[in-house]
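**Student:** Provided herewith: structure_38.pdb, PDB, C-alpha atoms and all ligand atoms.
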MODEL        1
ATOM      1  CA  MET A   1     -16.711  76.054  27.779
ATOM      2  CA  SER A   2     -13.440  75.489  25.877
ATOM      3  CA  LEU A   3     -11.115  73.880  28.422
ATOM      4  CA  PRO A   4     -10.810  70.257  27.314
ATOM      5  CA  THR A   5     -11.827  67.591  29.816
ATOM      6  CA  PRO A   6      -8.721  65.873  31.208
ATOM      7  CA  SER A   7      -8.172  62.262  30.175
ATOM      8  CA  PRO A   8      -5.327  59.810  30.917
ATOM      9  CA  THR A   9      -4.293  59.738  27.238
ATOM     10  CA  ALA A  10      -4.591  63.449  26.406
ATOM     11  CA  ARG A  11      -1.729  65.865  27.070
ATOM     12  CA  ALA A  12      -1.469  69.573  27.774
ATOM     13  CA  VAL A  13       1.796  70.857  26.290
ATOM     14  CA  ILE A  14       3.378  73.903  27.941
ATOM     15  CA  THR A  15       6.438  75.673  26.542
ATOM     16  CA  GLY A  16       8.508  77.736  28.945
ATOM     17  CA  ALA A  17       7.456  75.476  31.804
ATOM     18  CA  SER A  18      10.727  75.712  33.748
ATOM     19  CA  SER A  19       9.872  79.096  35.251
ATOM     20  CA  GLY A  20       7.340  81.884  35.777
ATOM     21  CA  ILE A  21       4.003  81.807  33.979
ATOM     22  CA  GLY A  22       4.687  78.448  32.290
ATOM     23  CA  GLN A  23       5.478  76.764  35.578
ATOM     24  CA  ALA A  24       2.317  78.254  37.111
ATOM     25  CA  LEU A  25       0.261  77.070  34.098
ATOM     26  CA  ALA A  26       1.658  73.569  34.658
ATOM     27  CA  GLU A  27       0.643  73.614  38.322
ATOM     28  CA  SER A  28      -2.874  74.977  37.596
ATOM     29  CA  LEU A  29      -3.514  72.429  34.841
ATOM     30  CA  ALA A  30      -2.143  69.483  36.867
ATOM     31  CA  ARG A  31      -4.392  70.538  39.764
ATOM     32  CA  ARG A  32      -7.337  70.276  37.347
ATOM     33  CA  GLY A  33      -6.275  66.727  36.421
ATOM     34  CA  HIS A  34      -4.483  67.343  33.109
ATOM     35  CA  SER A  35      -1.503  65.197  32.175
ATOM     36  CA  LEU A  36       1.322  67.357  30.885
ATOM     37  CA  VAL A  37       4.297  67.670  28.584
ATOM     38  CA  LEU A  38       6.729  70.304  29.870
ATOM     39  CA  VAL A  39       9.058  72.052  27.406
ATOM     40  CA  ALA A  40      12.072  74.300  28.146
ATOM     41  CA  ARG A  41      15.878  74.083  28.067
ATOM     42  CA  ARG A  42      16.602  73.590  31.777
ATOM     43  CA  GLU A  43      16.099  69.854  32.134
ATOM     44  CA  ASP A  44      16.864  69.777  35.872
ATOM     45  CA  ARG A  45      14.003  72.158  36.573
ATOM     46  CA  LEU A  46      11.586  70.261  34.317
ATOM     47  CA  THR A  47      12.516  66.972  36.015
ATOM     48  CA  GLU A  48      11.925  68.397  39.475
ATOM     49  CA  LEU A  49       8.616  70.021  38.463
ATOM     50  CA  ALA A  50       7.424  66.818  36.791
ATOM     51  CA  ARG A  51       8.298  64.806  39.904
ATOM     52  CA  ARG A  52       6.467  67.223  42.200
ATOM     53  CA  LEU A  53       3.318  67.619  40.064
ATOM     54  CA  SER A  54       2.885  63.921  39.285
ATOM     55  CA  ALA A  55       3.265  63.018  42.975
ATOM     56  CA  ARG A  56       0.921  65.755  44.155
ATOM     57  CA  TYR A  57      -1.855  65.568  41.540
ATOM     58  CA  LEU A  58      -1.514  61.933  40.330
ATOM     59  CA  VAL A  59      -1.201  62.962  36.666
ATOM     60  CA  THR A  60       1.378  61.909  34.074
ATOM     61  CA  VAL A  61       4.009  64.575  33.499
ATOM     62  CA  ASP A  62       6.557  64.061  30.712
ATOM     63  CA  ILE A  63       9.400  66.417  29.940
ATOM     64  CA  GLU A  64      10.746  67.554  26.578
ATOM     65  CA  PRO A  65      14.005  69.450  27.110
ATOM     66  CA  CYS A  66      14.371  71.585  23.989
ATOM     67  CA  ASP A  67      16.058  74.754  22.804
ATOM     68  CA  LEU A  68      13.227  76.349  20.838
ATOM     69  CA  ALA A  69      15.730  78.659  19.125
ATOM     70  CA  ASP A  70      17.468  75.642  17.571
ATOM     71  CA  ALA A  71      15.716  74.734  14.310
ATOM     72  CA  ALA A  72      16.718  71.041  14.447
ATOM     73  CA  ASP A  73      15.675  70.711  18.107
ATOM     74  CA  LEU A  74      12.364  72.408  17.337
ATOM     75  CA  HIS A  75      11.708  70.186  14.331
ATOM     76  CA  GLU A  76      12.311  67.033  16.416
ATOM     77  CA  LEU A  77      10.045  68.343  19.172
ATOM     78  CA  VAL A  78       7.213  69.050  16.725
ATOM     79  CA  THR A  79       7.606  65.568  15.214
ATOM     80  CA  ARG A  80       7.420  63.892  18.640
ATOM     81  CA  LEU A  81       4.447  65.997  19.756
ATOM     82  CA  THR A  82       2.434  65.172  16.614
ATOM     83  CA  LYS A  83       2.461  61.535  17.803
ATOM     84  CA  LEU A  84       0.691  62.459  21.046
ATOM     85  CA  ASP A  85      -2.960  63.243  21.718
ATOM     86  CA  VAL A  86      -2.435  66.945  22.439
ATOM     87  CA  SER A  87      -5.642  68.517  23.756
ATOM     88  CA  LEU A  88      -4.198  71.779  25.033
ATOM     89  CA  LEU A  89      -1.237  73.700  23.616
ATOM     90  CA  CYS A  90       0.223  76.537  25.701
ATOM     91  CA  LEU A  91       2.749  78.502  23.612
ATOM     92  CA  ASN A  92       4.326  80.486  26.385
ATOM     93  CA  ALA A  93       8.146  80.434  26.197
ATOM     94  CA  GLY A  94       9.707  83.801  25.500
ATOM     95  CA  PHE A  95      12.143  86.499  26.513
ATOM     96  CA  ALA A  96      12.928  90.143  25.708
ATOM     97  CA  THR A  97      15.886  92.382  25.049
ATOM     98  CA  TYR A  98      16.055  96.117  25.685
ATOM     99  CA  GLY A  99      18.263  98.646  23.912
ATOM    100  CA  ALA A 100      18.825 100.187  20.498
ATOM    101  CA  LEU A 101      18.622  97.485  17.838
ATOM    102  CA  HIS A 102      21.900  98.538  16.220
ATOM    103  CA  GLU A 103      23.713  98.171  19.562
ATOM    104  CA  LEU A 104      22.208  94.831  20.609
ATOM    105  CA  ASP A 105      23.832  91.443  19.995
ATOM    106  CA  PRO A 106      22.505  90.277  16.593
ATOM    107  CA  ALA A 107      22.681  86.601  17.655
ATOM    108  CA  ARG A 108      20.484  87.272  20.693
ATOM    109  CA  GLU A 109      17.994  89.242  18.552
ATOM    110  CA  ARG A 110      17.758  86.328  16.075
ATOM    111  CA  GLU A 111      17.330  83.930  18.999
ATOM    112  CA  GLN A 112      14.488  86.106  20.280
ATOM    113  CA  VAL A 113      12.661  85.966  16.935
ATOM    114  CA  ALA A 114      13.253  82.200  16.822
ATOM    115  CA  VAL A 115      11.697  81.629  20.268
ATOM    116  CA  ASN A 116       8.981  84.304  20.368
ATOM    117  CA  VAL A 117       7.855  84.011  16.736
ATOM    118  CA  VAL A 118       9.183  81.054  14.714
ATOM    119  CA  ALA A 119       8.722  78.410  17.420
ATOM    120  CA  VAL A 120       5.167  79.600  18.132
ATOM    121  CA  HIS A 121       4.326  79.432  14.430
ATOM    122  CA  ASP A 122       6.046  76.063  13.815
ATOM    123  CA  LEU A 123       4.372  74.407  16.807
ATOM    124  CA  LEU A 124       1.020  75.665  15.577
ATOM    125  CA  LEU A 125       1.666  74.547  11.997
ATOM    126  CA  GLY A 126       2.660  71.107  13.277
ATOM    127  CA  LEU A 127      -0.032  70.539  15.891
ATOM    128  CA  LEU A 128      -3.071  72.480  14.694
ATOM    129  CA  PRO A 129      -4.150  69.907  12.067
ATOM    130  CA  ASN A 130      -4.336  67.173  14.750
ATOM    131  CA  LEU A 131      -6.194  69.457  17.136
ATOM    132  CA  VAL A 132      -8.773  70.374  14.507
ATOM    133  CA  ALA A 133      -9.142  66.716  13.453
ATOM    134  CA  ARG A 134      -9.659  65.862  17.129
ATOM    135  CA  GLY A 135     -12.572  68.318  17.167
ATOM    136  CA  ASN A 136     -11.923  69.369  20.732
ATOM    137  CA  GLY A 137      -9.059  71.287  22.274
ATOM    138  CA  ALA A 138      -7.583  74.643  23.182
ATOM    139  CA  ILE A 139      -4.593  76.816  22.370
ATOM    140  CA  LEU A 140      -3.139  79.482  24.625
ATOM    141  CA  VAL A 141      -0.612  81.947  23.202
ATOM    142  CA  THR A 142       1.295  84.151  25.633
ATOM    143  CA  GLY A 143       1.681  87.489  23.885
ATOM    144  CA  SER A 144       2.048  90.734  25.778
ATOM    145  CA  THR A 145       0.719  94.246  26.194
ATOM    146  CA  ALA A 146       4.082  95.033  24.523
ATOM    147  CA  GLY A 147       2.590  93.704  21.302
ATOM    148  CA  ASN A 148      -0.131  96.373  21.194
ATOM    149  CA  GLN A 149       2.058  99.262  20.024
ATOM    150  CA  PRO A 150       5.549 100.068  18.709
ATOM    151  CA  SER A 151       8.201 100.318  21.439
ATOM    152  CA  PRO A 152      11.536 102.057  20.786
ATOM    153  CA  TYR A 153      14.441 100.244  22.528
ATOM    154  CA  ASN A 154      12.306  97.104  22.755
ATOM    155  CA  ALA A 155      11.733  96.737  19.015
ATOM    156  CA  THR A 156      12.308  93.014  18.446
ATOM    157  CA  TYR A 157      10.205  92.070  21.454
ATOM    158  CA  ALA A 158       7.341  94.445  20.595
ATOM    159  CA  ALA A 159       7.308  93.204  16.987
ATOM    160  CA  GLY A 160       7.440  89.546  18.071
ATOM    161  CA  LYS A 161       4.622  89.998  20.550
ATOM    162  CA  ALA A 162       2.558  91.900  17.939
ATOM    163  CA  PHE A 163       2.908  88.732  15.843
ATOM    164  CA  ALA A 164       1.842  86.532  18.771
ATOM    165  CA  ASN A 165      -1.103  88.772  19.723
ATOM    166  CA  THR A 166      -2.390  89.033  16.157
ATOM    167  CA  LEU A 167      -1.860  85.360  15.367
ATOM    168  CA  ALA A 168      -3.767  84.266  18.479
ATOM    169  CA  GLU A 169      -6.688  86.621  17.933
ATOM    170  CA  SER A 170      -6.873  85.701  14.237
ATOM    171  CA  LEU A 171      -7.024  82.018  15.159
ATOM    172  CA  TYR A 172      -9.724  82.769  17.718
ATOM    173  CA  GLY A 173     -11.914  83.857  14.820
ATOM    174  CA  GLU A 174     -10.711  81.265  12.333
ATOM    175  CA  LEU A 175     -11.235  78.269  14.622
ATOM    176  CA  ALA A 176     -14.817  79.146  15.583
ATOM    177  CA  GLY A 177     -16.995  76.090  15.073
ATOM    178  CA  THR A 178     -14.084  73.599  14.973
ATOM    179  CA  GLY A 179     -14.282  72.659  18.667
ATOM    180  CA  VAL A 180     -10.809  74.154  19.141
ATOM    181  CA  SER A 181     -10.414  77.533  20.822
ATOM    182  CA  CYS A 182      -7.542  79.993  20.827
ATOM    183  CA  THR A 183      -6.994  82.446  23.683
ATOM    184  CA  LEU A 184      -4.392  85.189  23.893
ATOM    185  CA  LEU A 185      -2.796  85.854  27.264
ATOM    186  CA  ALA A 186      -1.505  89.443  27.011
ATOM    187  CA  PRO A 187       0.053  90.283  30.383
ATOM    188  CA  GLY A 188       1.595  93.488  31.591
ATOM    189  CA  PRO A 189       4.246  93.218  34.320
ATOM    190  CA  VAL A 190       4.366  89.747  35.932
ATOM    191  CA  ARG A 191       6.835  88.855  38.703
ATOM    192  CA  THR A 192       8.922  86.078  37.139
ATOM    193  CA  GLU A 193      12.534  85.623  36.030
ATOM    194  CA  PHE A 194      11.682  87.655  32.904
ATOM    195  CA  ALA A 195      13.190  90.959  34.170
ATOM    196  CA  GLU A 196      16.390  89.180  35.218
ATOM    197  CA  VAL A 197      16.725  87.303  31.908
ATOM    198  CA  SER A 198      16.076  90.564  30.028
ATOM    199  CA  HIS A 199      18.612  92.494  32.199
ATOM    200  CA  LEU A 200      15.790  94.785  33.247
ATOM    201  CA  GLY A 201      16.613  95.166  36.930
ATOM    202  CA  ARG A 202      15.615  98.853  36.970
ATOM    203  CA  ILE A 203      12.027  98.096  35.985
ATOM    204  CA  GLU A 204      11.478  96.859  39.547
ATOM    205  CA  LYS A 205      12.160 100.391  40.838
ATOM    206  CA  LEU A 206      10.279 102.102  38.030
ATOM    207  CA  LEU A 207       6.974 100.327  38.519
ATOM    208  CA  PRO A 208       4.974 100.502  41.760
ATOM    209  CA  GLY A 209       4.102  97.243  43.540
ATOM    210  CA  PHE A 210       0.434  97.349  42.521
ATOM    211  CA  ALA A 211       1.413  97.257  38.817
ATOM    212  CA  TRP A 212       2.626  93.670  39.120
ATOM    213  CA  VAL A 213       0.705  90.411  39.157
ATOM    214  CA  SER A 214       2.115  87.047  40.199
ATOM    215  CA  ALA A 215       2.782  84.214  37.761
ATOM    216  CA  GLU A 216       0.050  82.251  39.541
ATOM    217  CA  GLN A 217      -2.489  85.057  39.020
ATOM    218  CA  ALA A 218      -1.585  85.317  35.317
ATOM    219  CA  ALA A 219      -1.823  81.542  34.825
ATOM    220  CA  GLU A 220      -5.117  81.230  36.685
ATOM    221  CA  ALA A 221      -6.615  84.116  34.676
ATOM    222  CA  ALA A 222      -5.433  82.436  31.466
ATOM    223  CA  ILE A 223      -6.989  79.075  32.335
ATOM    224  CA  ARG A 224     -10.270  80.663  33.378
ATOM    225  CA  GLY A 225     -10.166  82.612  30.108
ATOM    226  CA  ILE A 226      -9.709  79.402  28.100
ATOM    227  CA  ALA A 227     -12.574  77.790  30.022
ATOM    228  CA  ALA A 228     -14.805  80.758  29.229
ATOM    229  CA  GLY A 229     -13.800  80.709  25.539
ATOM    230  CA  ARG A 230     -12.294  84.200  25.735
ATOM    231  CA  ARG A 231     -10.332  85.781  22.905
ATOM    232  CA  ARG A 232      -7.954  87.870  25.051
ATOM    233  CA  VAL A 233      -7.027  87.690  28.720
ATOM    234  CA  VAL A 234      -5.213  90.653  30.295
ATOM    235  CA  PRO A 235      -4.477  89.954  33.973
ATOM    236  CA  GLY A 236      -4.614  92.878  36.410
ATOM    237  CA  PRO A 237      -5.998  96.442  36.242
ATOM    238  CA  VAL A 238      -2.686  98.101  35.292
ATOM    239  CA  ALA A 239      -2.150  95.745  32.350
ATOM    240  CA  LYS A 240      -5.759  96.376  31.249
ATOM    241  CA  LEU A 241      -5.107 100.117  31.283
ATOM    242  CA  GLN A 242      -1.773  99.603  29.467
ATOM    243  CA  GLY A 243      -3.632  97.519  26.887
ATOM    244  CA  LEU A 244      -6.234 100.215  26.280
ATOM    245  CA  ILE A 245      -3.638 102.988  25.991
ATOM    246  CA  GLY A 246      -1.472 100.912  23.671
ATOM    247  CA  GLN A 247      -4.310  99.908  21.395
ATOM    248  CA  TYR A 248      -6.262 103.153  21.180
ATOM    249  CA  SER A 249      -3.821 106.073  21.663
ATOM    250  CA  PRO A 250      -2.276 107.810  18.644
ATOM    251  CA  ARG A 251       1.128 106.357  17.845
ATOM    252  CA  SER A 252       2.523 109.863  17.480
ATOM    253  CA  LEU A 253       1.964 110.134  21.266
ATOM    254  CA  VAL A 254       2.799 106.601  22.407
ATOM    255  CA  VAL A 255       6.073 106.125  20.500
ATOM    256  CA  PRO A 256       8.005 109.062  22.051
ATOM    257  CA  ILE A 257       6.656 108.293  25.541
ATOM    258  CA  LEU A 258       7.718 104.638  25.366
ATOM    259  CA  GLY A 259      11.010 105.743  23.803
ATOM    260  CA  ARG A 260      11.724 107.844  26.877
ATOM    261  CA  ILE A 261      10.698 105.086  29.287
ATOM    262  CA  TYR A 262      12.605 102.228  27.622
ATOM    263  CA  GLY A 263      15.477 104.495  26.583
ATOM    264  CA  GLY A 264      15.860 105.406  30.262
ATOM    265  CA  LEU A 265      16.167 101.754  31.218
ATOM    266  CA  ARG A 266      19.338 101.292  29.208
TER     267      ARG A 266
HETATM  268  N1  LIG B 301       6.967  88.605  33.083
HETATM  269  C1  LIG B 301       6.412  89.595  32.408
HETATM  270  O1  LIG B 301       6.372  90.744  32.862
HETATM  271  C2  LIG B 301       5.753  89.315  31.074
HETATM  272  C3  LIG B 301       4.885  90.287  30.532
HETATM  273  C4  LIG B 301       4.267  90.050  29.316
HETATM  274  C5  LIG B 301       4.514  88.857  28.646
HETATM  275  N2  LIG B 301       5.373  87.925  29.175
HETATM  276  C6  LIG B 301       5.595  86.690  28.413
HETATM  277  O2  LIG B 301       5.299  85.586  29.245
HETATM  278  C7  LIG B 301       5.995  84.434  28.760
HETATM  279  C8  LIG B 301       6.624  83.708  29.933
HETATM  280  O3  LIG B 301       7.599  84.552  30.518
HETATM  281  P1  LIG B 301       7.839  84.628  32.091
HETATM  282  O4  LIG B 301       7.457  85.985  32.540
HETATM  283  O5  LIG B 301       7.250  83.466  32.778
HETATM  284  O6  LIG B 301       9.438  84.598  32.102
HETATM  285  P2  LIG B 301      10.479  83.524  32.664
HETATM  286  O7  LIG B 301      10.219  83.244  34.097
HETATM  287  O8  LIG B 301      11.807  84.058  32.275
HETATM  288  O9  LIG B 301      10.143  82.210  31.802
HETATM  289  C9  LIG B 301      10.491  82.117  30.447
HETATM  290  C10 LIG B 301      10.392  80.660  30.011
HETATM  291  O10 LIG B 301      10.737  80.575  28.609
HETATM  292  C11 LIG B 301      11.683  79.540  28.435
HETATM  293  N3  LIG B 301      12.581  79.796  27.316
HETATM  294  C12 LIG B 301      13.291  80.923  27.047
HETATM  295  N4  LIG B 301      14.089  80.724  25.984
HETATM  296  C13 LIG B 301      13.897  79.453  25.577
HETATM  297  C14 LIG B 301      14.439  78.648  24.541
HETATM  298  N5  LIG B 301      15.412  79.105  23.716
HETATM  299  N6  LIG B 301      13.997  77.376  24.406
HETATM  300  C15 LIG B 301      13.070  76.878  25.241
HETATM  301  N7  LIG B 301      12.506  77.590  26.243
HETATM  302  C16 LIG B 301      12.924  78.858  26.415
HETATM  303  C17 LIG B 301      12.473  79.503  29.754
HETATM  304  O11 LIG B 301      13.028  78.207  29.945
HETATM  305  P3  LIG B 301      14.585  77.818  29.890
HETATM  306  O12 LIG B 301      15.378  79.040  30.236
HETATM  307  O13 LIG B 301      14.710  76.702  30.877
HETATM  308  O14 LIG B 301      14.788  77.359  28.481
HETATM  309  C18 LIG B 301      11.363  79.760  30.765
HETATM  310  O15 LIG B 301      10.722  78.552  31.106
HETATM  311  C19 LIG B 301       7.003  84.952  27.727
HETATM  312  O16 LIG B 301       6.512  84.699  26.431
HETATM  313  C20 LIG B 301       7.045  86.449  27.989
HETATM  314  O17 LIG B 301       7.380  87.180  26.841
HETATM  315  C21 LIG B 301       5.991  88.130  30.383
ENDMDL
END
Translate the structure described by the file into structure tokens.
Ligand SMILES: NC(=O)c1ccc[n+]([C@@H]2O[C@H](COP(=O)([O-])OP(=O)(O)OC[C@H]3O[C@@H](n4cnc5c(N)ncnc54)[C@H](OP(=O)(O)O)[C@@H]3O)[C@@H](O)[C@H]2O)c1
**Tutor:**
Amino acid sequence: MSLPTPSPTARAVITGASSGIGQALAESLARRGHSLVLVARREDRLTELARRLSARYLVTVDIEPCDLADAADLHELVTRLTKLDVSLLCLNAGFATYGALHELDPAREREQVAVNVVAVHDLLLGLLPNLVARGNGAILVTGSTAGNQPSPYNATYAAGKAFANTLAESLYGELAGTGVSCTLLAPGPVRTEFAEVSHLGRIEKLLPGFAWVSAEQAAEAAIRGIAAGRRRVVPGPVAKLQGLIGQYSPRSLVVPILGRIYGGLR
């Protein structure tokens, strides 16, 4: 079993905790007795979540409002977190953009790489040495089925999630025997604010109801996966199928199909 035992001094850090999967991870971990550090930009939401979880589950919940796309903010966050006894690190914050790369806002694309890639890497570089020295702990990286194959009109996101997926699964192998585990959460469609943030309203109509899982289902699957020492967790049958198609179909087939689907969403 790889889920660390909760203790009053240890902390589970969750990025992207103000909404969706991150918020559900926070609730599931607090219910299991873990004290938390919640990271996201929307301080009001973090404050309210911290108040609710600490009152309900009698755990300590601290907040770290931070723009992970801001290099200085990120550096300060990493410095503060290295002073804590972090037993569980959930690298979950992220967002997507859809459209042709040459037509998208370059600033938003850079911000996406900063949050989905650079922040994940920097938090790992900063906190992994302490985790390994501790000899006991777990890492969860939220990648995506989008990281399994190239995706026209979703290029930055697909490339960023390919980084997250590969990094997490590489660390799964590399950390064997250290007492620290690394699990990839690679969801398909999850009902969160993600579609709204990504201006993807039409995806709701495109995908049937059974294709979606809730944030709570994704979070619970992830935590059970960590506990079982799993390399990759893909919540829901549709995402599992998506994962298989993405990983094992010829790219000459997948690229034009996804191009039509995502191109049609524009
Ligand atoms: N929903 C899906 O269908 C789906 C599928 C596959 C993978 N995923 C992945 O799941 C993860 C969680 O997404 P979600 O579905 O739960 O979406 P969500 O409800 O939109 O949550 C995204 C979280 O990321 C945080 N975030 C975004 N930009 C940030 C920044 N610059 N600095 C700090 N925090 C930032 C947001 O907080 P603030 O806005 O308060 O900063 C929010 O807490 C993401 O990595 C996403 O790529 C989602």
**Student:** Any chance you could work out the residue set of the PyMOL selection byres (((chain A and resi 167) around 10) and not hetatm) here, as a list in words?
**Tutor:**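 That selection, the PyMOL selection byres (((chain A and resi 167) around 10) and not hetatm), comes back as Val117, Val120, His121, Val141, Gly143, Lys161, Ala162, Phe163, Ala164, Asn165, Thr166, Ala168, Glu169, Ser170, Leu171, Tyr172, Cys182 and Leu184 of chain A.
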**Student:** If we count all atoms listed in the file and set the cut-off at 9 Å, which residues sit around A:Thr178, ignoring sequence neighbours fewer than 6 positions away in its own chain? Please answer as a list in words.
**Tutor:** Val132, Ala133, Gly135 and Asn136 of chain A
**Student:** Produce as an MDAnalysis selection string the set of residues near ligand LIG 301 (chain B), where near means within 6 Å with only C-alpha atoms and all ligand atoms considered.
**Tutor:** chainID A and resid 16:22 40:42 66:69 92:95 115 142:144 187:194 197
**Student:** So how many Å separate atom CA of A:Ser214 and atom CA of A:His199, to one decimal?
**Tutor:** 19.1 Å
**Student:** Using 4 Å of padding on each side, determine the axis-aligned box around all atoms of stretch 145-156 of chain A present in the file and give its centre and edge lengths in Å to one decimal, as lines of an AutoDock Vina configuration file.
**Tutor:**
center_x = 7.2
center_y = 97.5
center_z = 22.3
size_x = 22.6
size_y = 17.0
size_z = 15.7
**Student:** Which residue out of A:Leu200, A:Leu77, A:Ile223, A:Leu36 has the minimum interatomic distance to A:Leu58 when all atoms listed in the file are used?
**Tutor:**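 Once distances to A:Leu58 are computed over all atoms listed in the file, the minimum belongs to A:Leu36.
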**Student:** With the PyMOL selection byres (((chain A and resi 230-245) around 6) and not hetatm) as the selection, what would be picked from this file? Answer as a PyMOL selection string, please.
**Tutor:** chain A and resi 145+183-188+211+218+225-226+228-229+246-249
**Student:** Could you save those same residues with C-alpha atoms as a PDB file, keeping the file's coordinate frame?
**Tutor:**
ATOM      1  CA  THR A 145       0.719  94.246  26.194  1.00  0.00           C
ATOM      2  CA  THR A 183      -6.994  82.446  23.683  1.00  0.00           C
ATOM      3  CA  LEU A 184      -4.392  85.189  23.893  1.00  0.00           C
ATOM      4  CA  LEU A 185      -2.796  85.854  27.264  1.00  0.00           C
ATOM      5  CA  ALA A 186      -1.505  89.443  27.011  1.00  0.00           C
ATOM      6  CA  PRO A 187       0.053  90.283  30.383  1.00  0.00           C
ATOM      7  CA  GLY A 188       1.595  93.488  31.591  1.00  0.00           C
ATOM      8  CA  ALA A 211       1.413  97.257  38.817  1.00  0.00           C
ATOM      9  CA  ALA A 218      -1.585  85.317  35.317  1.00  0.00           C
ATOM     10  CA  GLY A 225     -10.166  82.612  30.108  1.00  0.00           C
ATOM     11  CA  ILE A 226      -9.709  79.402  28.100  1.00  0.00           C
ATOM     12  CA  ALA A 228     -14.805  80.758  29.229  1.00  0.00           C
ATOM     13  CA  GLY A 229     -13.800  80.709  25.539  1.00  0.00           C
ATOM     14  CA  GLY A 246      -1.472 100.912  23.671  1.00  0.00           C
ATOM     15  CA  GLN A 247      -4.310  99.908  21.395  1.00  0.00           C
ATOM     16  CA  TYR A 248      -6.262 103.153  21.180  1.00  0.00           C
ATOM     17  CA  SER A 249      -3.821 106.073  21.663  1.00  0.00           C
TER      18      SER A 249
END
**Student:** Got a sec to check which residues sit within 12 Å of (-7.7, 67.7, 18.9), counting all atoms listed in the file, and write them as a ChimeraX atom specification?
**Tutor:** /A:2-5,10-12,82-89,127-139,175,178-181
**Student:** Record the distance separating atom CA of A:Asp62 and atom CA of A:Gly160, expressed in Å with one decimal.
**Tutor:**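 Computing the Euclidean distance for atom CA of A:Asp62 and atom CA of A:Gly160 yields 28.5 Å.
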**Student:** Report the residues retrieved by the PyMOL selection byres (((chain A and resi 79) around 12) and not hetatm) from the displayed file, expressed as a PDB file with C-alpha atoms, in the frame of the given file.
**Tutor:**
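Okay, expr.pdb is ready:
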ATOM      1  CA  GLU A  64      10.746  67.554  26.578  1.00  0.00           C
ATOM      2  CA  ALA A  72      16.718  71.041  14.447  1.00  0.00           C
ATOM      3  CA  ASP A  73      15.675  70.711  18.107  1.00  0.00           C
ATOM      4  CA  LEU A  74      12.364  72.408  17.337  1.00  0.00           C
ATOM      5  CA  HIS A  75      11.708  70.186  14.331  1.00  0.00           C
ATOM      6  CA  GLU A  76      12.311  67.033  16.416  1.00  0.00           C
ATOM      7  CA  LEU A  77      10.045  68.343  19.172  1.00  0.00           C
ATOM      8  CA  VAL A  78       7.213  69.050  16.725  1.00  0.00           C
ATOM      9  CA  ARG A  80       7.420  63.892  18.640  1.00  0.00           C
ATOM     10  CA  LEU A  81       4.447  65.997  19.756  1.00  0.00           C
ATOM     11  CA  THR A  82       2.434  65.172  16.614  1.00  0.00           C
ATOM     12  CA  LYS A  83       2.461  61.535  17.803  1.00  0.00           C
ATOM     13  CA  LEU A  84       0.691  62.459  21.046  1.00  0.00           C
ATOM     14  CA  ASP A 122       6.046  76.063  13.815  1.00  0.00           C
ATOM     15  CA  LEU A 123       4.372  74.407  16.807  1.00  0.00           C
ATOM     16  CA  LEU A 125       1.666  74.547  11.997  1.00  0.00           C
ATOM     17  CA  GLY A 126       2.660  71.107  13.277  1.00  0.00           C
ATOM     18  CA  LEU A 127      -0.032  70.539  15.891  1.00  0.00           C
TER      19      LEU A 127
END
**Student:** Go ahead and find all residues with at least one atom no further than 10 Å from (-0.1, 74.8, 35.0) in the file's coordinates, using all atoms listed in the file; report them as a PyMOL selection string.
**Tutor:** chain A and resi 12-14+17+21-32+34+36+38+53+90+216+219-220+222-223
**Student:** Mind giving me the straight-line distance from atom CA of A:Pro150 to atom CA of A:Arg224 in Å, one decimal?
**Tutor:**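 So the two atoms, atom CA of A:Pro150 and atom CA of A:Arg224, lie 29.0 Å apart.
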**Student:** Mind checking which residues fall within 12 Å of A:Gly264, counting only C-alpha atoms, ignoring those fewer than 4 positions away in the same chain, and posting them as a PyMOL selection string?
**Tutor:** chain A and resi 98-100+152-154+200+202-203+206+256-260
**Student:** Check the smallest atom-to-atom distance from each of A:Ala96, A:Ala155, A:Ile261, A:Val255 to A:Ser198 using only C-alpha atoms, then report the winner.
**Tutor:**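 When distances to A:Ser198 are compared using only C-alpha atoms, the smallest one comes from A:Ala96.
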**Student:** Could you tell me which of A:Gly209, A:Gly177, A:Gly33, A:Thr156 comes closest to A:Thr9 if we count only C-alpha atoms?
**Tutor:**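 Of A:Gly209, A:Gly177, A:Gly33, A:Thr156, the one nearest A:Thr9, counting only C-alpha atoms, is A:Gly33.
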**Student:** Return the single residue from A:His102, A:Trp212, A:Glu196, A:Thr97 that is closest to A:Ala159, with distances computed using all atoms listed in the file.
**Tutor:**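 Of all the options, A:Thr97 lies closest to A:Ala159.
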**Student:** Taking all atoms listed in the file into account, name the residue in A:Leu91, A:Asp70, A:Thr60, A:Arg51 that is nearest to A:Leu124.
**Tutor:** A:Leu91
